[in-house]
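Single-structure report; data block below.
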Amino acid sequence: MSKNSVLFVCIHNSARSQMAEAWMRLLYGEEFHAESAGLEPGVLNPLVVEAMAEVGLDISSNVPQSVFELLEAERKFTWVITVCDGEAAEQCPIFPGPAQRKAWSFEDPSSFTGTDEERLAKTRVVRDTIKAEIEAWYVELSAQKAQNA
């Protein structure tokens, strides 16, 4: 039986989508193949790398990738989940194909201001909120699966 695949998408693939991919792989990697991509791939946000390392997830060697690369490779996904914030939702890429879609809104760590510690504290909140959203979604999917069994 093949795994369900999920693509997490945001604009730069430098923060939120990277965190979501890492959480999905850690928590539900037995059942899901997870990837992430962006419209305009950037550079990994160092505060995101640090925040994820604090919970034992090393994403420091991840390379942001473009949704266009996945399109050109004719990749297919069971789920496509956008993780842009509400204000940037209209800029968030749309990945075509027959995938089921969800849109989750998370603040963009690159927009945080303040000292490094203040920005890191806000990034931790986003990290933990993304984890909670993934866990809640998994519970929802499991309930649907049990109902259909």
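Here's how to read the names in the structure tokens: chain A, B, ... by the order shown, residue numbers from 1 in each chain, ligand numbers from 1 in the order shown.
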
Set the distance at 8 Å and use only C-alpha atoms: which residues neighbour Asn4 of chain A once local chain neighbours fewer than 2 positions away are removed? I'd like the list as a ChimeraX atom specification.
/A:2,6,31-33,77-79

Per DSSP on the backbone, filter segment 68-137 of chain A down to the residues in helix (DSSP H, G or I) and report them as a PyMOL selection string.
chain A and resi 68-72+86-91+109-111+116-137

Just list as a list in words whatever in segment 2-140 of chain A DSSP marks as strand (DSSP E).
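Output for segment 2-140 of chain A, strand (DSSP E) only: Asn4, Ser5, Val6, Leu7, Phe8, Val9, Cys10, Phe32, His33, Ala34, Glu35, Ser36, Ala37, Gly38, Trp79, Val80, Ile81, Thr82, Gln100, Arg101, Lys102 and Ala103 of chain A.
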
Go ahead and save the residues from that selection, with C-alpha atoms, as a CSV table (one decimal), in the first residue's frame.
```
chain,number,residue,atom,x,y,z
A,4,ASN,CA,-0.6,9.3,1.1
A,5,SER,CA,1.5,12.3,0.0
A,6,VAL,CA,1.2,15.8,1.3
A,7,LEU,CA,2.7,19.0,-0.1
A,8,PHE,CA,3.0,22.0,2.2
A,9,VAL,CA,3.2,25.2,0.2
A,10,CYS,CA,4.0,28.8,1.0
A,32,PHE,CA,2.5,10.1,4.9
A,33,HIS,CA,5.2,11.2,2.5
A,34,ALA,CA,5.7,14.9,3.2
A,35,GLU,CA,7.3,17.6,1.1
A,36,SER,CA,7.3,21.4,0.9
A,37,ALA,CA,7.8,24.0,-1.8
A,38,GLY,CA,7.3,27.7,-2.5
A,79,TRP,CA,-3.1,16.6,-0.2
A,80,VAL,CA,-1.9,20.1,-0.9
A,81,ILE,CA,-1.9,22.4,2.2
A,82,THR,CA,-1.0,26.1,1.9
A,100,GLN,CA,-7.5,17.5,-1.8
A,101,ARG,CA,-6.8,21.0,-0.5
A,102,LYS,CA,-6.6,22.8,2.8
A,103,ALA,CA,-5.5,26.3,3.7
```

Minimum-distance residue to Ser111 of chain A, chosen among A:Leu70, A:Ala136, A:Leu47, A:Leu27 (using only C-alpha atoms)
A:Leu47

Using Å and a single decimal, report how far atom CA of Gln65 of chain A sits from atom CA of Thr129 of chain A.
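Interatomic distance, atom CA of Thr129 of chain A to atom CA of Gln65 of chain A: 23.1 Å.
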
Have a look at atom CA of Tyr28 of chain A and atom CA of Pro64 of chain A and let me know their distance in Å, one decimal.
21.4 Å

Give the answer as one residue: which of A:Leu39, A:Leu120, A:Val55, A:Ile11 has the shortest atom-to-atom distance to Phe68 of chain A, using only C-alpha atoms?
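The shortest atom-to-atom distance to Phe68 of chain A comes from A:Leu39.
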
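Candidate residues A:Met52, A:Leu71, A:Ala146, A:Leu44 were compared for distance to Ile130 of chain A, and the nearest is A:Met52, using only C-alpha atoms.
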